Amino acid sequence: MPLTDLGPDDLVGYQPPLTAPHDFDAFWLRTLAEARAHDGAIKTERVTSAHLLHTVEVDDVRFPGWNGEPVAAWLLRPRRAERPLPVVVTYLGYSYGRGLPTDHLFWSAAGYAQLVVDSRGQGHDTPDRTAGDGTQWVGGFMTRGVDSPENYYYRRLITDCVRAVDAVAALPGLDPRRIVVAGGSQGGGLALAVAALAGDRVAAALPDVPFLCHFRRAVRITEEGPYPEIAAYLRRHSPDRAARTLATLDYVDGVHFARRATAPALFSVALMDPICPPSTVYAAYNHYRGEDRTLTVWPFGDHGGGYGCNPPVQLSWLRERGLAPEL
């Protein structure tokens with residue numbers, strides 16, 4: 001495993017040309033307007049088994065996402081909170097769903113509310129009803145509907161993630177002025193997308209070792225999944241399919257979202273990451289529009305980044321920006 005895919009000096013200054021489509025912004029404005037036109041009710045139900053957790057209360061949340069379809073989430077928060085809480089909206093890594101509430105106790109232990117958003121089709125509680133018209137390859141999601149930006153899987157998933165921020169305003173006990181979007185790997189890429197698309201409703205972003213960034217490089221140099229799903233798909237099609245596929249991926253590329261996001265952001269990158277090459281993370285970081293941006297570098301980190309060392313860094317960074325809960 002190489003230490004870096006580029007040398008350290010090259011990484012620091014790596015800022016590849018942007019390849020965003022001319023209608024990138026119009027595409028996402030229309031996509032979100034269509035989703036918000038399906039304005040269904042947000043449903044919450046207390047998870048009674050969580051009474052065994054003495055310091056945390058848990059709600060099962062269902063909110064309208066893509067096409068108004070219900071998206072599942074867990075809402076965890078400290079018991080007996082007396083004032084609205086800052087909320088960390090958490091997006092998940094590739095192939096992961098929301099799991100169990102006990103998988104997500106860190107942020108509530110630190111005094112925050114946390115909305116853990118299920119990933120459609122990847123978890124068990126939010127189905128993806130669009131199969132991709134035969135484009136899905138090798139069992140994953142990277143090529144599902146990749147024949148066009150309109151059909152692409154990540155158009156639907158990113159829409160769900162933005163709608164999760166919309167839902168925060170309707171959930172009791174949360175402070176909509178202090179919404180933090182967060183996630184690692186796929187979740188980090190989704191957090192970047194939401195930071196751009198939700199605009200000033202996002203107070204801060206925490207993208208860790210973000211996936212879904214700089215596709216045009218990642219699909220050519222990455223040997224470990226999920227990027228190789230795209231290479232495997234293109235390997236068995238004519239060369240003209242590559243141009244169309246990369247054009248679709250440009251609509252969901254984290255580098256293009258980073259260029260449009262202004263919220264304070266704390267990135268992390270691992271220089272021995274075989275899944276999200278560090279150059280792809282630096283590409284997003286170096287194009288990030290917001291002036292308040294910080295990058296935590298883990299020189300010997302693999303795709304786990306900083307592991308247990310990273311959360312204290314995040315807590316300190318949020319506190320410095322006035323986004324800590326009142327104790």
# chains A, B, ... in the order shown; residues from 1 in each chain; ligands from 1
call {"tool": "select_by_dssp", "arguments": {"residues": "stretch 235-313 of chain A", "states": "alpha helix (DSSP H)", "output": "ChimeraX atom specification"}}
result
/A:235,239-249,254-258,278-287,310-313
call {"tool": "closest_atom_pairs", "arguments": {"of": "stretch 22-53 of chain A", "to": "stretch 57-62 of chain A", "cutoff": "10 Å", "atoms": "only C-alpha atoms", "output": "JSON lines"}}
result
{"residue": "A:Gly40", "atom": "CA", "partner": "A:Arg62", "partner_atom": "CA", "distance": 10.0}
{"residue": "A:Ala41", "atom": "CA", "partner": "A:Arg62", "partner_atom": "CA", "distance": 8.5}
{"residue": "A:Ile42", "atom": "CA", "partner": "A:Arg62", "partner_atom": "CA", "distance": 5.8}
{"residue": "A:Lys43", "atom": "CA", "partner": "A:Arg62", "partner_atom": "CA", "distance": 5.1}
{"residue": "A:Thr44", "atom": "CA", "partner": "A:Val61", "partner_atom": "CA", "distance": 4.5}
{"residue": "A:Glu45", "atom": "CA", "partner": "A:Asp60", "partner_atom": "CA", "distance": 5.1}
{"residue": "A:Arg46", "atom": "CA", "partner": "A:Asp59", "partner_atom": "CA", "distance": 4.4}
{"residue": "A:Val47", "atom": "CA", "partner": "A:Asp59", "partner_atom": "CA", "distance": 5.4}
{"residue": "A:Thr48", "atom": "CA", "partner": "A:Val58", "partner_atom": "CA", "distance": 8.2}
{"residue": "A:Ser49", "atom": "CA", "partner": "A:Val58", "partner_atom": "CA", "distance": 9.0}
{"residue": "A:Ala50", "atom": "CA", "partner": "A:Val58", "partner_atom": "CA", "distance": 6.2}
{"residue": "A:His51", "atom": "CA", "partner": "A:Glu57", "partner_atom": "CA", "distance": 7.3}
{"residue": "A:Leu52", "atom": "CA", "partner": "A:Glu57", "partner_atom": "CA", "distance": 9.5}
{"residue": "A:Leu53", "atom": "CA", "partner": "A:Glu57", "partner_atom": "CA", "distance": 7.2}
call {"tool": "closest_atom_pairs", "arguments": {"of": "stretch 225-293 of chain A", "to": "stretch 314-322 of chain A", "cutoff": "12 Å", "atoms": "only C-alpha atoms", "output": "CSV"}}
result
residue,atom,partner,partner_atom,distance
A:Ala263,CA,A:Arg321,CA,11.2
A:Pro264,CA,A:Arg321,CA,8.5
A:Ala265,CA,A:Trp317,CA,9.5
A:Leu266,CA,A:Gln314,CA,7.5
A:Phe267,CA,A:Gln314,CA,9.6
A:Ser268,CA,A:Gln314,CA,10.0
A:Asp292,CA,A:Arg321,CA,10.0
A:Arg293,CA,A:Trp317,CA,10.7
call {"tool": "residues_around", "arguments": {"residues": "A:Thr55", "least_positions_apart": "3", "cutoff": "9 Å", "atoms": "only C-alpha atoms", "output": "tab-separated table (two decimals) with N, CA, C and O atoms, in the first residue's frame"}}
result
chain	number	residue	atom	x	y	z
A	77	ARG	N	-31.06	11.65	21.68
A	77	ARG	CA	-30.72	12.88	22.40
A	77	ARG	C	-30.64	12.60	23.89
A	77	ARG	O	-31.23	11.62	24.39
A	78	PRO	N	-29.92	13.44	24.60
A	78	PRO	CA	-29.85	13.24	26.06
A	78	PRO	C	-31.23	13.36	26.70
A	78	PRO	O	-32.04	14.20	26.31
A	79	ARG	N	-31.48	12.54	27.67
A	79	ARG	CA	-32.74	12.63	28.39
A	79	ARG	C	-32.83	13.93	29.18
A	79	ARG	O	-31.83	14.46	29.65
A	80	ARG	N	-34.04	14.44	29.26
A	80	ARG	CA	-34.35	15.61	30.09
A	80	ARG	C	-33.57	16.86	29.66
A	80	ARG	O	-33.20	17.69	30.49
A	108	SER	N	-24.86	11.79	21.48
A	108	SER	CA	-25.75	12.06	22.61
A	108	SER	C	-24.96	12.06	23.92
A	108	SER	O	-25.29	12.83	24.85
A	109	ALA	N	-23.93	11.23	24.02
A	109	ALA	CA	-23.09	11.24	25.22
A	109	ALA	C	-22.37	12.58	25.37
A	109	ALA	O	-22.07	13.01	26.49
call {"tool": "residues_around", "arguments": {"residues": "A:Tyr91", "least_positions_apart": "6", "cutoff": "9 Å", "atoms": "only C-alpha atoms", "output": "PyMOL selection string"}}
result
chain A and resi 98+115-119+161+181-184+186-191
call {"tool": "atom_distance", "arguments": {"atom1": "atom CA of A:Ala247", "atom2": "atom CA of A:Gly123"}}
result
27.6 Å
call {"tool": "select_by_dssp", "arguments": {"residues": "stretch 43-270 of chain A", "states": "strand (DSSP E or B)", "output": "compact mmCIF listing (two decimals) with C-alpha atoms, in the first residue's frame"}}
result
# COMPACT_ATOMS: atom_id res chain seq x y z
CA LYS A 43 -43.73 10.67 11.81
CA THR A 44 -41.99 9.94 15.09
CA GLU A 45 -42.42 7.09 17.52
CA ARG A 46 -40.62 6.60 20.81
CA VAL A 56 -30.49 8.71 26.12
CA GLU A 57 -33.94 8.75 24.56
CA VAL A 58 -34.55 7.46 21.06
CA ASP A 59 -37.25 8.12 18.46
CA ASP A 60 -37.89 6.25 15.24
CA VAL A 61 -38.35 8.99 12.60
CA ARG A 62 -39.81 8.71 9.10
CA PHE A 63 -39.57 11.80 6.89
CA PRO A 64 -40.37 12.34 3.18
CA PRO A 70 -40.44 7.73 3.56
CA VAL A 71 -36.84 7.69 4.79
CA ALA A 72 -36.03 6.09 8.14
CA ALA A 73 -33.82 7.72 10.76
CA TRP A 74 -32.99 7.45 14.45
CA LEU A 75 -33.21 10.55 16.60
CA LEU A 76 -31.08 10.21 19.72
CA ARG A 77 -30.72 12.88 22.40
CA PRO A 78 -29.85 13.24 26.06
CA LEU A 85 -30.07 21.05 21.24
CA PRO A 86 -27.54 21.37 18.44
CA VAL A 87 -28.09 18.41 16.14
CA VAL A 88 -25.60 16.31 14.20
CA VAL A 89 -27.24 14.92 11.06
CA THR A 90 -25.22 11.79 10.31
CA TYR A 91 -24.89 10.10 6.93
CA ALA A 113 -28.98 15.44 19.44
CA GLN A 114 -28.22 13.15 16.52
CA LEU A 115 -30.33 12.27 13.49
CA VAL A 116 -28.93 9.07 11.91
CA VAL A 117 -30.22 8.89 8.33
CA LEU A 174 -33.72 20.61 18.14
CA ASP A 175 -32.09 23.95 17.31
CA PRO A 176 -32.39 24.49 13.53
CA ARG A 177 -29.74 27.22 13.76
CA ARG A 178 -27.12 24.69 14.88
CA ILE A 179 -27.28 21.85 12.35
CA VAL A 180 -24.04 19.97 11.77
CA VAL A 181 -23.82 17.53 8.85
CA ALA A 182 -21.37 14.68 9.32
CA GLY A 183 -20.25 11.32 8.05
CA GLY A 184 -17.31 9.19 7.01
CA ALA A 204 -20.92 23.23 10.05
CA ALA A 205 -19.80 20.16 8.11
CA LEU A 206 -17.64 17.23 9.26
CA PRO A 207 -16.66 15.19 6.17
CA ASP A 208 -14.27 12.40 7.18
CA ALA A 265 -15.87 22.55 7.55
CA LEU A 266 -13.55 20.10 9.28
CA PHE A 267 -12.26 17.51 6.81
CA SER A 268 -10.07 14.51 7.51
CA VAL A 269 -7.80 12.59 5.16
CA ALA A 270 -5.81 9.38 5.65
call {"tool": "atom_distance", "arguments": {"atom1": "atom CA of A:Tyr227", "atom2": "atom CA of A:Val252"}}
result
13.8 Å
call {"tool": "closest_atom_pairs", "arguments": {"of": "stretch 170-266 of chain A", "to": "stretch 21-35 of chain A", "cutoff": "9 Å", "atoms": "only C-alpha atoms", "output": "JSON lines"}}
result
{"residue": "A:Leu197", "atom": "CA", "partner": "A:Trp28", "partner_atom": "CA", "distance": 7.7}
{"residue": "A:Ala247", "atom": "CA", "partner": "A:Pro21", "partner_atom": "CA", "distance": 7.7}
{"residue": "A:Asp250", "atom": "CA", "partner": "A:Pro21", "partner_atom": "CA", "distance": 6.8}
{"residue": "A:Tyr251", "atom": "CA", "partner": "A:Phe24", "partner_atom": "CA", "distance": 6.2}
{"residue": "A:His256", "atom": "CA", "partner": "A:Phe24", "partner_atom": "CA", "distance": 8.7}
call {"tool": "write_last_selection", "arguments": {"atoms": "N, CA and C atoms", "output": "PDB file, in the first residue's frame"}}
result
ATOM      1  N   LEU A 197     -26.020  22.102  -0.857  1.00  0.00           N
ATOM      2  CA  LEU A 197     -27.409  22.215  -1.306  1.00  0.00           C
ATOM      3  C   LEU A 197     -28.334  22.813  -0.256  1.00  0.00           C
ATOM      4  N   ALA A 247     -19.888  11.805 -17.287  1.00  0.00           N
ATOM      5  CA  ALA A 247     -20.733  13.004 -17.317  1.00  0.00           C
ATOM      6  C   ALA A 247     -21.834  12.921 -16.279  1.00  0.00           C
ATOM      7  N   ASP A 250     -20.358  13.546 -12.771  1.00  0.00           N
ATOM      8  CA  ASP A 250     -20.051  14.958 -12.499  1.00  0.00           C
ATOM      9  C   ASP A 250     -21.177  15.656 -11.744  1.00  0.00           C
ATOM     10  N   TYR A 251     -22.400  15.185 -11.879  1.00  0.00           N
ATOM     11  CA  TYR A 251     -23.524  15.811 -11.181  1.00  0.00           C
ATOM     12  C   TYR A 251     -23.544  15.495  -9.682  1.00  0.00           C
ATOM     13  N   HIS A 256     -17.437  19.254  -6.855  1.00  0.00           N
ATOM     14  CA  HIS A 256     -18.331  20.308  -7.350  1.00  0.00           C
ATOM     15  C   HIS A 256     -19.239  20.838  -6.247  1.00  0.00           C
TER      16      HIS A 256
END
call {"tool": "atom_distance", "arguments": {"atom1": "atom CA of A:Cys213", "atom2": "atom CA of A:Ala324"}}
result
28.9 Å
